[in-house]
Each structure stands twice: as structure tokens, then as C-alpha cells.
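Okay, so here's the structure we're looking at.
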Amino acid sequence: MWFHLSGTVTEPATSSETEVTHKVAISFDRCKITSVTCGCGNKDIFYCAHVVALSLYRIRKPEQVKLRLPISETLFQMNRDQLQKLVQYLITAHHTEVLPTAQKLADEILSSNSEINQVHGAPDPTAGASINDDNCWHLDEDQVREQVKQFLSQGGYYGSGKQLNSMFAKVREMLRMRDSNGARMLTLITEQFMADPRLSLWRQQGTGMTDKCRQLWDELGALWVCVVLNPHCKSEEKSGWLKQLKKWGDTDVCPLEDGNYGSELPNITNALPQSNHAQDSLSRPRRTVFSRSVEACDLHWQDSHLQRIISSDHYMSPSYQREGESLLFNPQGLPLWLDHVPTACARVDALRSHGYSREALRLAVAIINTLRLQQQRQMDIYKHQKKELLQRGVTSTTNLEGWVGHPLDPIGCLFITLTETCRVDDDNTMDTGDGEPRPPVYHHVSVWGSSDGGESYLTLALEVALMGMGQQRIMPEGLYAQDKVCRNEEQIIAKMQELELDDLLVQTLRKQAIHLLEAGPFSGLGEVIHRESVPMHTFAKYLFSALLPHDADLAYKLALRAMRLPVLESSAGSGDVGHPHHGISIVPSRYPRWFTLGHLESQQCELASTMLTAAKGDMLRLRTVLEAIQKNIHSSSLIFKLAQDAFKIATPAESPPDITLLNVSLELGLQVMRMTLSTLNWRRREMVRWLVTCATEVGLRALVSILQSWYTLFTPTEATSIVAATVMSHNTILRLSLDYPQREELASCARTLALQCAMKDPQNCALSALTLCEKDHIAFETAYQIVIDAASTGMTYSQLFTIARYMEHRGYPLRSFKLASLAMTHLNLAYNQDTHPAINDVLWACALSHSLGKNELAAIIPLVVKSVHCATVLSDILRRCTMTAPGLAGIPGRRNSGKLMSTDKAPLRQLLDATISAYINTTHSRLTHISPRHYGEFIEFLSKARETFLLAQDGHIQFAQFIDNLKQIYKGKKKLMMLVRERFG
């Protein structure tokens, strides 16, 4: 027998390194390498290149390796002198390493009561283990621990998640080779996972772990189920695992199966009336990631029916027994396996994982035969209850545990088991090294004993995937579990998309699709579903695309039925808000249990978009899709996205637009306008602009229609400043190439809209209305009258000044003057507001009045005096009025005197008095709180005041009295009064 292999392995020189030789020793036993040593010192879970090289050399060139007897046999043939010679030579060759050991062993052999002398014989490393000893592949346990610890410490980043997944794959590979190290390696990995310091941190903070981490824990839990379900493990092994799993599960920090730390959800879920299907979360037993593997320890493989199923393709019931109901066989005599589905699939996974692929396949077929029979019975039950159920319109679901998103992934497991048999392993399917591996190629392999010859493992795989995906199930609790449902759906669909649909598969697809539509409450695509049922949008999108080329009617029927999202239907009841479905904002608070609602709604939108694209050009289909969207989609931003998608598809760059789809796009756009009219939506401006673009593409009638019904779609401001303005723009007229009557019709609608908006919201729409009505005398007059009527109540001075300036610009100076006068009555400028934004308007209004003539100036000055109390502004107006003669605007029929006006006579006398008194008041106001650093500034201010005083006939006397007065009142401010004396005497 051959147990020990040693040799030297040379690594050839490279440009940077010299040649290196390593000594390698390998022990093996019954075709397994049981230990290795190599001089390179490289530590890894897997063997170093030198060990592999030596092993391959021995396998490929056995005749080159000298075969020797075990060393104990050789020693037995030597006499005493030879033995002494051997030992002394051996010590001399390796004296630094061996001498201390040799000395110690010699002492022990010479001591009569040493341990070494109690044992008969001596060990021989070259002779191998006894036949009863355990033998297993060499596994460097410290290295496994070290690597897992290191990967976990990187928190799933830098590819460490990938590394851990490849370690899990290694465990699966070991199980498949029936290497007992598989379970050992998994134990080592689990110990490190349980020692992860983040667990207690997450628990203390009550935060969930990251998604990457959760997925790793899930895989760990599923792997343990596989290990304990090994059909050929010894009972003591199993009880050892059970003890270990319970111990891990009982620790405080052990992650829970649903991904929450328990404290997050109970109060929310209990407060929800609709989640009566979930028991009180406090009374539920705590389920950890190991709970399923602990439960799996109770399962055994001794059942004789199960043994017969997995051990023979030809197991059937005798034909005379097929009359009555049977729990073991279907009416065709094929065996059934009535285990709970996820448990049955876990058995399949375990068989497959431990290298029993043929047995796994047989059990998978029995499970599918069972599912088919159940589906048939459910259809029969539904036929009897159909009328009553449809009248009630509600249903409870029969499946408490969904198969999609289940921790054991039953559907994925059956699918892989069945398709593996049909895989064509040609070299082209391998990874080509350019990133993406090519999808696998499958062919049909017939199923033994099936009633119709056209059945293959491939058609079964598709059928079971469709059954599982179509199962009606309640949305599970907690963010993690809901996320997992979405992820698992996507994984299964990706696998189904790898199948190239030939006639056989299309037949399966159609048959199952019809079943799903007719299966009532057992199917998520049945006529009546539970309000909290997991939506079928993602699945229906796959079905729609797959069926469309072969049976369009069925494809649309399915997709339209799947469009619903019952949890958002208006019968919601609890906490309904006035406008039930405006915008996303109120959704999370109304459905606290549905964490993935945003994702689900976007999937619903994707399904709708897929149907719209396919229905392009088909009026009837488009109408039904449009109705489904309007009925089922409740988020304005998603409907807007659909409207934009439809618009893009309807208006390709190269070819003429598709009018049917354009109309759908417009209708969706109008719906969004109505939905968001009374709610604040940050995208509103963009939506309004887009709608006008869309209506323009549809044509004149669409534009007329939105102008006429503006009040149901837009605010008055949007209607005038965006909608009517865009419709009346030169670009729109060109785009539509309108003739004169059409242009007039459009303009007339825009003017009517403008006047209605100006009446409704004069503050924000009056100016736009005037602009839009410019070309029509009567409309313009009406708009002007609306402004005048609103001026006294609803408008601010700045709005009035803006319109007044517009009027002057359009050549209506008298109207402009009237509006400016009205604006002045709304204004109040205090003594210290010398930088107020309205100052420019006031100066402009006075300049306008001055240019119109003496009468207008006389009319505005009293208004100025009443509204403006700021001395510098008043003196500025006064100065401007005295520089030129009034009446330069030259109104026809008016004579201009050409004389400068005197400040002693009306109307300027009133302005001069007001300015002087403003200076006096401002001076006193400033002196009450003046600080020395403002003294210089104040003296300058008094100089300005003196200029104004001097415009009056007795101005110098008035100013002197004013200064004397100041010296008297403020004599306490000595330094300041000294400065006043210096400047003004």
C-alpha cells in the first residue's frame, strides 16, 4: 500500500526571480490526500501549486516514482549495527533540527516507566491508517478560520462577498464529492460568522444588517439544511450537528430568519387591521437562520415509498389499483410525494448536493406530478365556489408560505435540478473570458413514464417555474423578506429567459398561462385576489413578452389582469386622505407594511410601458391598455413617465408619428395634470411644458381643447404664462403650419383663457392677459378694465407698477399714469427706507407725470407726499421736477407752456414743505441713537438738508432756526454740536 509521497519541486527562474526548489511531502489514504507539507510556506485553504504539481506527477507518471515498502518493513530487515548506523547518519544529516528530538526520545526509551514504553510498537508515517480509522481530505482548519474572519472584517466589500460565496461553493463541491470535510468546513465558517463582532453591534443599535451580509447568512442557513439532509449520514453525526445548530440558534446575536431583530416591527404590524393573517408577533416563536436546519434534523429517508421513488425510474402503481383516490399515485399510476413543498424541494436539493443527481431528478418529477394534481383539484374547487367568490369580490389566500422568496428557494431548486439534465455541455457554453459567460444551451430529454410523449425535463422545469411564480401569496412581513421576494422573482425569470422557446415550450407556456387565469384564488392571476397579495407585474411582463409572438390575445389578457395593485385601491379605508392617490407622498404612511411599494409601482409601470409599446398602431388594444393604466396606476409621476414613454415611441425621428399612440400619450398627460392640479409637485412646470408639446404634436384640435378646459388642468398662472404663451408663439404656428382662420381660432381661445385667468387671479395673470390680448382691441380693453377693477383690492404696488410700465411701453401713457397713481396709493416708504426697491418706480411715476404735463404732476404730488416719508427720495423728486418744464410728452391737442415751475407755487410748494419736514423728522430720529463713528455722515446729511431748505424763499432763516434748535435740544452731545458749529455757525 502506498501512503507517503515526497519529492522536490523546482520553480523555474523568471526575469525577476531566481530558480527555487521546494521539498514537498504528502500523506494519503484510500485515494484522499490526508496531510501536506511544503517548504514554500504558502498558507491557503487550498493546496499550493507545488503540492498539486507533485500529485499530478505521481498520477501521470507513476512509473517514474520509486515505490518503497513502508519504512517499518525496511527497518525490520536490519541488524543492530545497521540500525545504529542509520540513526547516527540521520542525526548527522539533520543535526540542527533532529538532535534535540533524538536526545529526548533516547531518554524516554531508556526510562522504564515512560509513556513511550507503555505502547507496543512505534508509529510509521509511511504505512497509513488502519482500515477502520476515519479518512478524509486534508483541510487546513486554521487557514479556513483566518480567511473567513478576514473576509467578514471587510464587511462584504472589495469582493470579499464573492470570496465567501466561493467558499460556500467549495462546501457544496465537497458535499457532492461526499467528502466529510464539507460539513467540517461549514462548521468552521459558521463559527467565524457567529463570532462576527458586528452582530452584537447591530443587535444593540436595533439596525438591520446590510443586504450583502443577509444574503450570506441565508446561504449559510440553506447549506446547513443540505448538510443535515444527507441521506447517508450516521445518526451520531446528525445528533452532533443538531446540538451545534441549537447552540448557535440560542445565542442572543443569532440573526433571525426574516431579517429583523424582532424589535423593529411588532407594534407597526399589530396596529394594522389588514394584517390579521399574521399572528401577534410576540406569541410567535423566535425563528433564526438555523431554525429550518434544526427542523430538517427530524426528517429521515426511511419511508419505503420515498425509497422506491428515488431508486427507480419504473416505479408505478399496479394498473388494477388506479380506480379510487390514492395518496401515493396519480390517476396515471405515477408516484406522488405529498410532503410540504419547500421541505420536499429541500430533499431534492440535498440529494443533488450530495451527488445523487439521478435520485434528485426522480423526486423532483414526483413533486411536480403532485403539484399538477393539486392544481387540478384547486381548479375543481374553484369552479364550485366561483359564483359566490366573484359576488363577494374578496378572498383569503390558501398559501400561508409563498414559494418565491422562500429561504429554501424551492422553485429555483426544482428548476435547476430539471434543467441540469437537459444541458448541452459543448465547449462554446463555457466562459469565453470576455466578461459575460454565454447562456447555457438546452435540449429536450424525455421523461420516463409520462402520459404524453411530448413531455421533457425542460418542459417540466418551465411548468414548475410558472406554477411557483403564479402562486397567490401574501406579502411577507419586513423589508428584508419583501426584498427577497423581488430578488428571487428576478432570478427565476432570468433562468426562464435562458430557455429558447420552441413549440413544446410554447405549448407548456400557453397551457399554464390559461390555468393561472382560471385557477381562482390559488393563482396570483386569478379573477379575485386578496388585498395584500404579492403583485404579479414582473412575472406578467415576462409572460406577455414570451406569449406575444404566439398568442397575442392570451398575452394581453394576462398582462391586463396583472396590472392591478389591490393594496392601493380606494377601498383602502384606513387613514384615507381627501385625494386618495395624488403623488407618492402619502403612500408610505398609509401602507407601513409594504416597504417595497415604490419598486412594485415601478414594475407596474414597466408592464404598462411594455404593453403600450407592443400595441402601437392598434386602436382597440391601446384603449384597453389606457383604461388599465387609468384604473390601476395611482402615482402621478409614474403616469407621467408612461406618457413620456408613449410619446417617444409614437414620434420616431425618421418616420411619421403614430397618431393612435400619440393620443394615448396625451390622455395620460391630461390625467397627470388633473391628478397634480391641487397638490404641490416639484415637477409640475416640466409636466405642463411637456403636455403643450404633446398637444402640439397631436394637432390644432388638441390645443383648442386644452385651452378651452384649462381650469381642470392648470392653475391660472400656468395657463397664461406657460400654456397660452407657448401656443401663441411663432414656433407653434410654424410647427402646425396653420392658415389664417385656424390661427384666428387659436388666438381667440388663448384670449378667452387669458381674460378668464385675469378675472380669477388678477395678481399673477393680469400682465400675461394684457400681452396675450394686445392684437384684439376689445379683449385688450376688457383686460385693462379687469386690472383697474382689481387694483384697489387684490393687487400690490409692484404688480401695478409693472403693468403701468408695460402700458407706457405699449404707447398708452395716460393709462400708464392712471395705474401708477393707483400703485402709489398702496405704497408706504418710511424715513429710513432710502434703499427700498420701489424707489425707482416712484421716480419713474413722477417722471411720467411730469412729462405728461402740469395737471398730471399736480395730481401725483399729493399721492407722493402721502406715501413717501424718506427725505432723500423726496429731494431727488423735487430736484428733477425743477430742472425742466412739465409736459414734454407732447400729448396732441395740449399746449406746453415751456416755463419752469416755481417751488413757491402749487404743486411743488407742497412737495418742498413735505421734503423739509421729512429732513427735520429724520434728523431727530437719527440723533436719538447716534454713535460717534456716524458723526461725519450726519454732518453730510445736514449739508444735503440745507440745499433743500434754501429752495424756499425764507429757507436760510428756517435752516438757521433749525440748527439753533438742535444745539439747544442736544447740547449734551458736545463733540457733535462742536462739529455742527464748525460747519453751519
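Ordering of the C-alpha cells sets the chain letters (A, B, ...), residue numbers begin anew at 1 in every chain, and ligands are numbered from 1 in the order given.
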
Worksheet item: Which neighbours of Met467 in chain A fall inside 9 Å, counting only C-alpha atoms, when residues of the same chain fewer than 2 positions from it are skipped, and could you give them as an MDAnalysis selection string?
Response: chainID A and resid 371:372 375 411 462:465 469:471 512 516 523

How would the residues just chosen look if you wrote them out with C-alpha atoms as an mmCIF file, in the first residue's frame?
```
data_model
loop_
_atom_site.group_PDB
_atom_site.id
_atom_site.type_symbol
_atom_site.label_atom_id
_atom_site.label_comp_id
_atom_site.auth_asym_id
_atom_site.auth_seq_id
_atom_site.Cartn_x
_atom_site.Cartn_y
_atom_site.Cartn_z
ATOM 1 C CA LEU A 371 -48.339 19.917 -7.806
ATOM 2 C CA ARG A 372 -50.227 19.210 -11.040
ATOM 3 C CA GLN A 375 -53.647 22.380 -9.299
ATOM 4 C CA ILE A 411 -38.812 26.724 -7.238
ATOM 5 C CA LEU A 462 -40.722 25.714 -17.281
ATOM 6 C CA GLU A 463 -44.042 24.426 -15.951
ATOM 7 C CA VAL A 464 -42.921 24.376 -12.321
ATOM 8 C CA ALA A 465 -41.366 27.844 -12.611
ATOM 9 C CA MET A 469 -44.308 32.355 -9.876
ATOM 10 C CA GLY A 470 -48.072 32.384 -10.376
ATOM 11 C CA GLN A 471 -48.900 31.151 -6.869
ATOM 12 C CA GLN A 512 -50.012 27.029 -17.753
ATOM 13 C CA LEU A 516 -53.269 30.649 -13.988
ATOM 14 C CA SER A 523 -53.330 31.935 -8.543
#
```

Worksheet item: Hey, which of A:Leu600, A:Ala555, A:Met78, A:Leu950 ends up closest to Val485 in chain A? Count only C-alpha atoms.
Response: A:Leu600

Name all residues at most 12 Å from Ile786 in chain A (count only C-alpha atoms; drop same-chain ones fewer than 4 positions away) and give them as a PDB file with N, CA and C atoms, in the first residue's frame.
```
ATOM      1  N   ALA A 754     -57.086  83.922 -21.379  1.00  0.00           N
ATOM      2  CA  ALA A 754     -56.350  84.982 -20.685  1.00  0.00           C
ATOM      3  C   ALA A 754     -57.290  85.825 -19.825  1.00  0.00           C
ATOM      4  N   LEU A 755     -58.451  86.176 -20.381  1.00  0.00           N
ATOM      5  CA  LEU A 755     -59.398  87.009 -19.626  1.00  0.00           C
ATOM      6  C   LEU A 755     -59.971  86.242 -18.430  1.00  0.00           C
ATOM      7  N   GLN A 756     -60.255  84.940 -18.636  1.00  0.00           N
ATOM      8  CA  GLN A 756     -60.787  84.140 -17.508  1.00  0.00           C
ATOM      9  C   GLN A 756     -59.758  84.052 -16.390  1.00  0.00           C
ATOM     10  N   CYS A 757     -58.492  83.871 -16.773  1.00  0.00           N
ATOM     11  CA  CYS A 757     -57.434  83.755 -15.757  1.00  0.00           C
ATOM     12  C   CYS A 757     -57.222  85.087 -15.038  1.00  0.00           C
ATOM     13  N   ALA A 758     -57.315  86.193 -15.806  1.00  0.00           N
ATOM     14  CA  ALA A 758     -57.119  87.508 -15.197  1.00  0.00           C
ATOM     15  C   ALA A 758     -58.234  87.786 -14.182  1.00  0.00           C
ATOM     16  N   MET A 759     -59.444  87.354 -14.495  1.00  0.00           N
ATOM     17  CA  MET A 759     -60.551  87.529 -13.545  1.00  0.00           C
ATOM     18  C   MET A 759     -60.306  86.704 -12.289  1.00  0.00           C
ATOM     19  N   LYS A 760     -59.827  85.468 -12.497  1.00  0.00           N
ATOM     20  CA  LYS A 760     -59.668  84.521 -11.377  1.00  0.00           C
ATOM     21  C   LYS A 760     -58.475  84.898 -10.497  1.00  0.00           C
ATOM     22  N   ASP A 761     -57.374  85.328 -11.121  1.00  0.00           N
ATOM     23  CA  ASP A 761     -56.154  85.631 -10.361  1.00  0.00           C
ATOM     24  C   ASP A 761     -55.454  86.844 -10.970  1.00  0.00           C
ATOM     25  N   PRO A 762     -56.064  88.044 -10.760  1.00  0.00           N
ATOM     26  CA  PRO A 762     -55.504  89.239 -11.407  1.00  0.00           C
ATOM     27  C   PRO A 762     -54.055  89.496 -10.995  1.00  0.00           C
ATOM     28  N   GLN A 763     -53.721  89.232  -9.736  1.00  0.00           N
ATOM     29  CA  GLN A 763     -52.358  89.493  -9.257  1.00  0.00           C
ATOM     30  C   GLN A 763     -51.309  88.867 -10.158  1.00  0.00           C
ATOM     31  N   CYS A 765     -51.927  87.094 -13.162  1.00  0.00           N
ATOM     32  CA  CYS A 765     -52.208  86.857 -14.580  1.00  0.00           C
ATOM     33  C   CYS A 765     -52.499  88.108 -15.402  1.00  0.00           C
ATOM     34  N   ALA A 766     -52.689  89.249 -14.737  1.00  0.00           N
ATOM     35  CA  ALA A 766     -53.123  90.443 -15.482  1.00  0.00           C
ATOM     36  C   ALA A 766     -52.147  90.821 -16.594  1.00  0.00           C
ATOM     37  N   LEU A 767     -50.866  90.848 -16.265  1.00  0.00           N
ATOM     38  CA  LEU A 767     -49.875  91.273 -17.262  1.00  0.00           C
ATOM     39  C   LEU A 767     -49.856  90.304 -18.447  1.00  0.00           C
ATOM     40  N   ALA A 769     -52.241  88.447 -19.418  1.00  0.00           N
ATOM     41  CA  ALA A 769     -53.505  88.599 -20.144  1.00  0.00           C
ATOM     42  C   ALA A 769     -53.429  89.785 -21.111  1.00  0.00           C
ATOM     43  N   LEU A 770     -52.896  90.908 -20.624  1.00  0.00           N
ATOM     44  CA  LEU A 770     -52.766  92.078 -21.499  1.00  0.00           C
ATOM     45  C   LEU A 770     -51.889  91.750 -22.703  1.00  0.00           C
ATOM     46  N   ALA A 779     -60.685  92.729 -26.509  1.00  0.00           N
ATOM     47  CA  ALA A 779     -60.114  91.874 -25.453  1.00  0.00           C
ATOM     48  C   ALA A 779     -59.136  92.683 -24.604  1.00  0.00           C
ATOM     49  N   PHE A 780     -58.344  93.542 -25.282  1.00  0.00           N
ATOM     50  CA  PHE A 780     -57.348  94.337 -24.561  1.00  0.00           C
ATOM     51  C   PHE A 780     -58.036  95.294 -23.582  1.00  0.00           C
ATOM     52  N   GLU A 781     -59.101  95.930 -24.063  1.00  0.00           N
ATOM     53  CA  GLU A 781     -59.858  96.854 -23.199  1.00  0.00           C
ATOM     54  C   GLU A 781     -60.423  96.107 -21.983  1.00  0.00           C
ATOM     55  N   THR A 782     -60.934  94.914 -22.245  1.00  0.00           N
ATOM     56  CA  THR A 782     -61.512  94.118 -21.153  1.00  0.00           C
ATOM     57  C   THR A 782     -60.448  93.791 -20.116  1.00  0.00           C
ATOM     58  N   ALA A 790     -59.385  95.418 -10.186  1.00  0.00           N
ATOM     59  CA  ALA A 790     -58.686  94.662  -9.130  1.00  0.00           C
ATOM     60  C   ALA A 790     -57.678  95.526  -8.383  1.00  0.00           C
ATOM     61  N   ALA A 791     -57.356  96.695  -8.990  1.00  0.00           N
ATOM     62  CA  ALA A 791     -56.254  97.496  -8.441  1.00  0.00           C
ATOM     63  C   ALA A 791     -56.482  97.886  -6.990  1.00  0.00           C
ATOM     64  N   SER A 792     -57.728  98.222  -6.658  1.00  0.00           N
ATOM     65  CA  SER A 792     -57.964  98.741  -5.308  1.00  0.00           C
ATOM     66  C   SER A 792     -57.937  97.627  -4.268  1.00  0.00           C
ATOM     67  N   THR A 793     -58.233  96.388  -4.689  1.00  0.00           N
ATOM     68  CA  THR A 793     -58.324  95.322  -3.677  1.00  0.00           C
ATOM     69  C   THR A 793     -57.209  94.297  -3.793  1.00  0.00           C
ATOM     70  N   GLY A 794     -57.145  93.658  -4.965  1.00  0.00           N
ATOM     71  CA  GLY A 794     -56.319  92.442  -4.978  1.00  0.00           C
ATOM     72  C   GLY A 794     -54.905  92.578  -5.459  1.00  0.00           C
ATOM     73  N   MET A 795     -54.392  93.822  -5.678  1.00  0.00           N
ATOM     74  CA  MET A 795     -53.064  93.885  -6.289  1.00  0.00           C
ATOM     75  C   MET A 795     -52.074  94.712  -5.482  1.00  0.00           C
TER      76      MET A 795
END
```

Within 9 Å of Cys881 in chain A, counting only C-alpha atoms, which residues show up once you throw out same-chain ones fewer than 2 positions away? Write them as a tab-separated table (two decimals) with C-alpha atoms, in the first residue's frame, please.
```tsv
chain	number	residue	atom	x	y	z
A	846	CYS	CA	-43.09	111.18	-11.14
A	847	ALA	CA	-41.07	111.49	-14.36
A	850	HIS	CA	-44.05	115.46	-15.24
A	876	ASP	CA	-34.49	113.85	-5.55
A	877	ILE	CA	-38.03	114.12	-7.00
A	878	LEU	CA	-38.09	117.88	-6.23
A	879	ARG	CA	-34.76	118.44	-7.95
A	883	MET	CA	-34.89	121.10	-13.83
A	884	THR	CA	-37.22	121.04	-16.86
A	885	ALA	CA	-40.66	122.35	-17.74
A	886	PRO	CA	-43.53	119.84	-17.47
A	900	LEU	CA	-40.04	126.09	-15.46
A	901	MET	CA	-42.20	125.58	-12.40
A	908	LEU	CA	-44.27	122.00	-5.99
```

Item to complete: Could you pull out the residues in range 503-737 of chain A that DSSP calls helix (DSSP H, G or I) from the backbone, as an MDAnalysis selection string?
Response: chainID A and resid 503:518 520:522 537:547 552:562 566:568 570:572 587:590 597:614 619:632 636:650 659:676 684:698 700:708 710:712 716:727 730:736

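From CA of Glu627 in chain A back to CA of Ser533 in chain A, the distance works out to 22.1 Å.
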
Item to complete: Extract, using only C-alpha atoms, all DNA, RNA and protein residues at most 10 Å from range 923-938 of chain A, discarding same-chain residues fewer than 2 positions from it, and format them as an MDAnalysis selection string.
Response: chainID A and resid 831:832 871 917:921 940:945 966 969:970 973 975:977 979:980

What would the file look like if the residues just selected were written as an mmCIF file, in the first residue's frame with C-alpha atoms?
```
data_model
loop_
_atom_site.group_PDB
_atom_site.id
_atom_site.type_symbol
_atom_site.label_atom_id
_atom_site.label_comp_id
_atom_site.auth_asym_id
_atom_site.auth_seq_id
_atom_site.Cartn_x
_atom_site.Cartn_y
_atom_site.Cartn_z
ATOM 1 C CA TYR A 831 -37.959 107.901 6.630
ATOM 2 C CA ASN A 832 -35.122 105.316 6.782
ATOM 3 C CA ALA A 871 -36.225 112.895 2.751
ATOM 4 C CA SER A 917 -40.376 118.421 7.232
ATOM 5 C CA ALA A 918 -39.044 114.963 6.267
ATOM 6 C CA TYR A 919 -35.480 116.235 6.782
ATOM 7 C CA ILE A 920 -36.422 117.664 10.196
ATOM 8 C CA ASN A 921 -38.122 114.412 11.325
ATOM 9 C CA GLU A 940 -23.038 115.449 5.311
ATOM 10 C CA PHE A 941 -26.756 114.683 5.713
ATOM 11 C CA LEU A 942 -27.333 118.180 7.235
ATOM 12 C CA SER A 943 -25.496 119.752 4.259
ATOM 13 C CA LYS A 944 -27.942 117.952 1.891
ATOM 14 C CA ALA A 945 -30.839 119.229 4.034
ATOM 15 C CA LEU A 966 -30.612 121.311 17.514
ATOM 16 C CA ILE A 969 -32.001 120.116 22.446
ATOM 17 C CA TYR A 970 -28.811 118.056 22.005
ATOM 18 C CA LYS A 973 -23.622 115.709 22.664
ATOM 19 C CA LYS A 975 -18.448 116.810 20.346
ATOM 20 C CA LEU A 976 -21.214 116.556 17.757
ATOM 21 C CA MET A 977 -22.505 120.072 18.426
ATOM 22 C CA LEU A 979 -18.825 119.826 14.585
ATOM 23 C CA VAL A 980 -22.254 121.376 13.765
#
```

Practice prompt. Find the spatial neighbours of Leu707 in chain A, counting only C-alpha atoms, within a cut-off of 8 Å - ignore same-chain residues fewer than 5 positions away - and output them as a list in words.
Written response: Ala719, Val723, Ala724, Cys749, Ala750 and Leu753 of chain A

Deliver the residues from the most recent selection as a file, using N, CA and C atoms, as an mmCIF file, in the first residue's frame.
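And here is the file that came out, selection-v7.cif:
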```
data_model
loop_
_atom_site.group_PDB
_atom_site.id
_atom_site.type_symbol
_atom_site.label_atom_id
_atom_site.label_comp_id
_atom_site.auth_asym_id
_atom_site.auth_seq_id
_atom_site.Cartn_x
_atom_site.Cartn_y
_atom_site.Cartn_z
ATOM 1 N N ALA A 719 -51.654 78.539 -16.942
ATOM 2 C CA ALA A 719 -52.439 78.657 -18.172
ATOM 3 C C ALA A 719 -52.001 79.858 -19.003
ATOM 4 N N VAL A 723 -48.911 77.878 -20.868
ATOM 5 C CA VAL A 723 -49.722 77.222 -21.907
ATOM 6 C C VAL A 723 -50.056 78.179 -23.048
ATOM 7 N N ALA A 724 -50.810 79.259 -22.742
ATOM 8 C CA ALA A 724 -51.235 80.165 -23.819
ATOM 9 C C ALA A 724 -50.035 80.814 -24.501
ATOM 10 N N CYS A 749 -59.183 81.509 -28.686
ATOM 11 C CA CYS A 749 -59.231 80.636 -27.488
ATOM 12 C C CYS A 749 -58.242 81.119 -26.430
ATOM 13 N N ALA A 750 -57.036 81.510 -26.890
ATOM 14 C CA ALA A 750 -55.999 81.961 -25.956
ATOM 15 C C ALA A 750 -56.446 83.236 -25.248
ATOM 16 N N LEU A 753 -59.124 82.464 -22.639
ATOM 17 C CA LEU A 753 -58.431 81.887 -21.475
ATOM 18 C C LEU A 753 -57.757 83.001 -20.661
#
```

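In this comparison, which uses only C-alpha atoms, the residue of A:Val534, A:Cys605, A:Ala650, A:Leu256 approaching Gly405 in chain A most closely is A:Val534.
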
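As for CA of Arg292 in chain A and CA of Cys345 in chain A, they are spaced 13.0 Å apart.
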
Worksheet item: So which residues touch range 54-64 of chain A within 9 Å, counting only C-alpha atoms, skipping near sequence neighbours fewer than 5 positions away, as a VMD selection string?
Response: chain A and resid 5 to 9 24 to 26 49
